[in-house]
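What follows is one structure encoded as structure tokens, with my remarks underneath.
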Amino acid sequence: MNIAALIGISNYRVAEQLPACSKDVAEMRRLLFATGKYDDIFIHSTNTEAASLKDALRGFFRRHTGSDSIQEALVYFSGHGVYHNNDVLLCCSDFDLNRPASTSLSNTELDDLLRSVGPKVAVKILDACQSGSQYIKEAAPGFEKALRESQLASFICMASSRSDQSSYASAECSVFTSRLIDAALSKAEGLVLYRDIQAALADSFVATPEQTPFFVVQGTGLESFAQVTPEMRALQTARSATQAIVEPENTLAASISEQVQRMDTLYVPVEVAKQAIDEARTGLERAPLSHPLVSRFYEKHAVFDRKLATLPGAKELAKFASEQAWEKKYFVRIVQEPRAVRVAKDPWRALRRSITWSPDEVEYVTRVVHEPSQLEPTETLPFEVAEVRFEPKAHPSLKSFVTYIGLAHSLTELVVLSASARLLEAGWTQRSIDVSQIKFQQQSHLWKDVVQDPEVIWREPLARAQEAIQGYLEGLIPRKEEAKPAVAGPGEAIAEKSSPNAQS
């Protein structure tokens, strides 16, 4: 038995619309039906919010769980994709960068679903499109690693582009899916192997190096897609007769031009962007504490002279930015610091000694490695970091708090890094930061949205800080212990209250 799940998401609440994706699913359905191979095909291109999609997809795989006759399980996805927290996320219609895990379908869950039906061959085809949006798969080294680490016995993955590229789509079709279908139909007779499809697909992108398909194969390399059927030959003839759908180079150029025009609408002149940051600074300085309990005991002070490089936990931030390839996306430089490490001159000898407890001496040498240490902007804004202090009003016994709001940006996007912590007492009037408390959160905003509402930079960080302070204040009140029942001692009886009418 062979099963397939086809998912296409065209409509997004925030990200760029992708009208081609639902059409991609229709074309893939025609291809799979033409093979006559698949016994059950799940199609989902409407009601594509995360909850609905996940429920439907899990239900489809649940129907086949426990079957020992699944030869092949194929999953196809066309839509926006993003790399986050060491995993590839397939964005659902309600995708939100502030809630990425719950508004997307993860590559990890796809693998779990495939494993749940125990197929002889598992196939994933991912056409994650940019289409001018900021919600694209990020140029992170872990992207391809995440796709490789699927832990399936016989596994084939075909992704539309590499981690540092974009996948293109017109209003009619996605380039990768269209060429994938043509590759699957390229043979007039005989057996079509998945490796045949990959070879033909790779050849079709030789002239367009800006998009290079990415393949992962774990198996024999002889896994079969289909035996050529009359229906497949008829479909190939029909596609050849409509060359407008089988996009030539000029269609790709038109698609790229369309993407660029959409991206241009996100651009904000530097003067307008800096004015929005100035307005945000003024608004933060003047903003009252909105929580009544907090405002009764605390007052707020904001300063703006800190640098990203001086933030508590700056090294962890730099490491995160390095993993996420921020230098390619934002106006930042990741400063590297040298560190001397002691390593075995002959690693194999050292390993052998650790395994066999060999008495052989291991020679060590010192080498210098470079690690991310801090972030520096390559283009300045009116401020890099806002430090907001929350000091008690004439109550020295109360703890002080601090919130940091750091900024990084590109031409179209502003990233807000925020964290709050309770300050430690280092003296009568001195306070220090407990770095272990610092857990930065990341929010991304389009510049055009920041210009319309500058307070979006600090509104949520300030609210979270006040919630933390309110929790601290409420925690000062001792909790009343529940009344404990009386316990009779040895030889004692617990007296009972008598009612007025009790008889002696």
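Chain labels run A, B, ... following the order of the structure tokens; each chain numbers its residues from 1, and ligands are numbered from 1 in the order shown.
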Inset, instruction - For Leu201 (chain A), please output as a VMD selection string all residues within 7 Å (counting only C-alpha atoms; exclusion window: fewer than 6 positions along the same chain). - result: chain A and resid 179 to 180 183
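When DSSP is run on the backbone, the residues of region 420-479 of chain A that fall into strand (DSSP E or B) are Ser420, Ala421, Arg422, Leu423, Leu424, Glu425, Arg431, Ser432, Ile433, Gln441, Gln442, Gln443, Ser444, His445 and Leu446 of chain A.
Between Phe215 (chain A) and the residues A:Gln259, A:Cys157, A:Asp264, A:Ala122, the shortest atom-to-atom distance, using only C-alpha atoms, involves A:Cys157.
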Would you kindly return, as a PDB file with N, CA and C atoms, in the first residue's frame, each protein, DNA or RNA residue with an atom no farther than 10 Å from any atom of Leu89 (chain A), considering only C-alpha atoms and excluding same-chain residues fewer than 2 positions away?
ATOM      1  N   HIS A  80       5.247  28.842   2.720  1.00  0.00           N
ATOM      2  CA  HIS A  80       6.379  29.516   3.358  1.00  0.00           C
ATOM      3  C   HIS A  80       7.080  28.570   4.321  1.00  0.00           C
ATOM      4  N   GLY A  81       8.393  28.736   4.466  1.00  0.00           N
ATOM      5  CA  GLY A  81       9.170  27.947   5.411  1.00  0.00           C
ATOM      6  C   GLY A  81      10.149  28.828   6.155  1.00  0.00           C
ATOM      7  N   VAL A  82      10.519  28.405   7.367  1.00  0.00           N
ATOM      8  CA  VAL A  82      11.478  29.165   8.173  1.00  0.00           C
ATOM      9  C   VAL A  82      12.309  28.188   8.990  1.00  0.00           C
ATOM     10  N   TYR A  83      13.561  28.547   9.263  1.00  0.00           N
ATOM     11  CA  TYR A  83      14.422  27.736  10.123  1.00  0.00           C
ATOM     12  C   TYR A  83      14.453  28.371  11.501  1.00  0.00           C
ATOM     13  N   HIS A  84      14.106  27.581  12.540  1.00  0.00           N
ATOM     14  CA  HIS A  84      13.996  28.145  13.896  1.00  0.00           C
ATOM     15  C   HIS A  84      14.324  27.068  14.911  1.00  0.00           C
ATOM     16  N   ASN A  85      15.185  27.411  15.882  1.00  0.00           N
ATOM     17  CA  ASN A  85      15.519  26.492  16.977  1.00  0.00           C
ATOM     18  C   ASN A  85      15.919  25.110  16.466  1.00  0.00           C
ATOM     19  N   ASN A  86      16.843  25.091  15.519  1.00  0.00           N
ATOM     20  CA  ASN A  86      17.412  23.842  15.020  1.00  0.00           C
ATOM     21  C   ASN A  86      16.410  22.948  14.297  1.00  0.00           C
ATOM     22  N   ASP A  87      15.344  23.523  13.774  1.00  0.00           N
ATOM     23  CA  ASP A  87      14.390  22.728  13.014  1.00  0.00           C
ATOM     24  C   ASP A  87      13.823  23.557  11.872  1.00  0.00           C
ATOM     25  N   CYS A  91       5.321  26.913   7.512  1.00  0.00           N
ATOM     26  CA  CYS A  91       4.428  27.926   8.073  1.00  0.00           C
ATOM     27  C   CYS A  91       2.976  27.675   7.668  1.00  0.00           C
ATOM     28  N   CYS A  92       2.085  27.698   8.656  1.00  0.00           N
ATOM     29  CA  CYS A  92       0.653  27.600   8.393  1.00  0.00           C
ATOM     30  C   CYS A  92       0.076  28.998   8.157  1.00  0.00           C
ATOM     31  N   PHE A  95       0.678  31.727  10.702  1.00  0.00           N
ATOM     32  CA  PHE A  95       2.049  31.749  11.217  1.00  0.00           C
ATOM     33  C   PHE A  95       2.373  33.090  11.859  1.00  0.00           C
ATOM     34  N   PRO A 100       6.232  30.702  16.792  1.00  0.00           N
ATOM     35  CA  PRO A 100       6.566  29.902  15.618  1.00  0.00           C
ATOM     36  C   PRO A 100       6.220  28.431  15.748  1.00  0.00           C
ATOM     37  N   ALA A 101       6.422  27.840  16.919  1.00  0.00           N
ATOM     38  CA  ALA A 101       6.208  26.400  17.062  1.00  0.00           C
ATOM     39  C   ALA A 101       4.730  26.026  16.953  1.00  0.00           C
ATOM     40  N   THR A 103       2.312  27.709  15.434  1.00  0.00           N
ATOM     41  CA  THR A 103       1.643  28.163  14.210  1.00  0.00           C
ATOM     42  C   THR A 103       2.319  27.611  12.958  1.00  0.00           C
ATOM     43  N   SER A 104       2.995  26.497  13.117  1.00  0.00           N
ATOM     44  CA  SER A 104       3.673  25.870  11.982  1.00  0.00           C
ATOM     45  C   SER A 104       3.658  24.358  12.152  1.00  0.00           C
ATOM     46  N   LEU A 105       4.042  23.669  11.097  1.00  0.00           N
ATOM     47  CA  LEU A 105       4.220  22.218  11.126  1.00  0.00           C
ATOM     48  C   LEU A 105       5.712  21.966  11.035  1.00  0.00           C
ATOM     49  N   SER A 106       6.267  21.328  12.038  1.00  0.00           N
ATOM     50  CA  SER A 106       7.716  21.170  12.084  1.00  0.00           C
ATOM     51  C   SER A 106       8.174  19.965  11.267  1.00  0.00           C
ATOM     52  N   ASN A 107       9.398  20.072  10.771  1.00  0.00           N
ATOM     53  CA  ASN A 107      10.020  18.954  10.073  1.00  0.00           C
ATOM     54  C   ASN A 107      10.120  17.730  10.986  1.00  0.00           C
ATOM     55  N   THR A 108      10.361  17.980  12.273  1.00  0.00           N
ATOM     56  CA  THR A 108      10.451  16.889  13.236  1.00  0.00           C
ATOM     57  C   THR A 108       9.134  16.133  13.346  1.00  0.00           C
ATOM     58  N   GLU A 109       8.010  16.869  13.391  1.00  0.00           N
ATOM     59  CA  GLU A 109       6.718  16.180  13.478  1.00  0.00           C
ATOM     60  C   GLU A 109       6.430  15.406  12.203  1.00  0.00           C
ATOM     61  N   ALA A 128       9.422  25.313  -0.237  1.00  0.00           N
ATOM     62  CA  ALA A 128       9.211  26.437   0.686  1.00  0.00           C
ATOM     63  C   ALA A 128       9.569  27.724  -0.036  1.00  0.00           C
ATOM     64  N   LYS A 137      12.844  30.695   4.647  1.00  0.00           N
ATOM     65  CA  LYS A 137      13.751  29.837   5.393  1.00  0.00           C
ATOM     66  C   LYS A 137      15.070  30.566   5.544  1.00  0.00           C
ATOM     67  N   PHE A 143      19.868  24.329   8.693  1.00  0.00           N
ATOM     68  CA  PHE A 143      18.722  24.025   7.840  1.00  0.00           C
ATOM     69  C   PHE A 143      18.899  22.677   7.152  1.00  0.00           C
TER      70      PHE A 143
END
Inset, instruction - Step one, run DSSP on the backbone; step two, keep only residues of region 12-226 of chain A assigned to alpha helix (DSSP H); then write them as JSON, numbers by chain. - result: {"A": [20, 21, 22, 23, 24, 25, 26, 27, 28, 29, 30, 31, 32, 33, 34, 35, 50, 51, 52, 53, 54, 55, 56, 57, 58, 59, 60, 61, 62, 63, 64, 107, 108, 109, 110, 111, 112, 113, 114, 115, 116, 142, 143, 144, 145, 146, 147, 148, 175, 176, 177, 178, 179, 180, 181, 182, 183, 184, 194, 195, 196, 197, 198, 199, 200, 201, 202, 203, 204]}
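Note that CA of Ile156 (chain A) and CA of Lys124 (chain A) are 6.3 Å apart.
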Hey, which bits of region 180-229 of chain A sit within 9 Å of region 27-37 of chain A, and for each residue what's the closest pair of atoms and how far apart in Å (one decimal), counting only C-alpha atoms, rows by chain and increasing number, as a tab-separated table?
residue	atom	partner	partner_atom	distance
A:Ile181	CA	A:Leu31	CA	7.0
A:Ala184	CA	A:Leu31	CA	8.4
A:Leu185	CA	A:Leu31	CA	8.5
A:Phe225	CA	A:Thr35	CA	8.6
A:Ala226	CA	A:Thr35	CA	6.0
A:Gln227	CA	A:Thr35	CA	7.2
A:Val228	CA	A:Thr35	CA	7.0
A:Thr229	CA	A:Thr35	CA	6.2
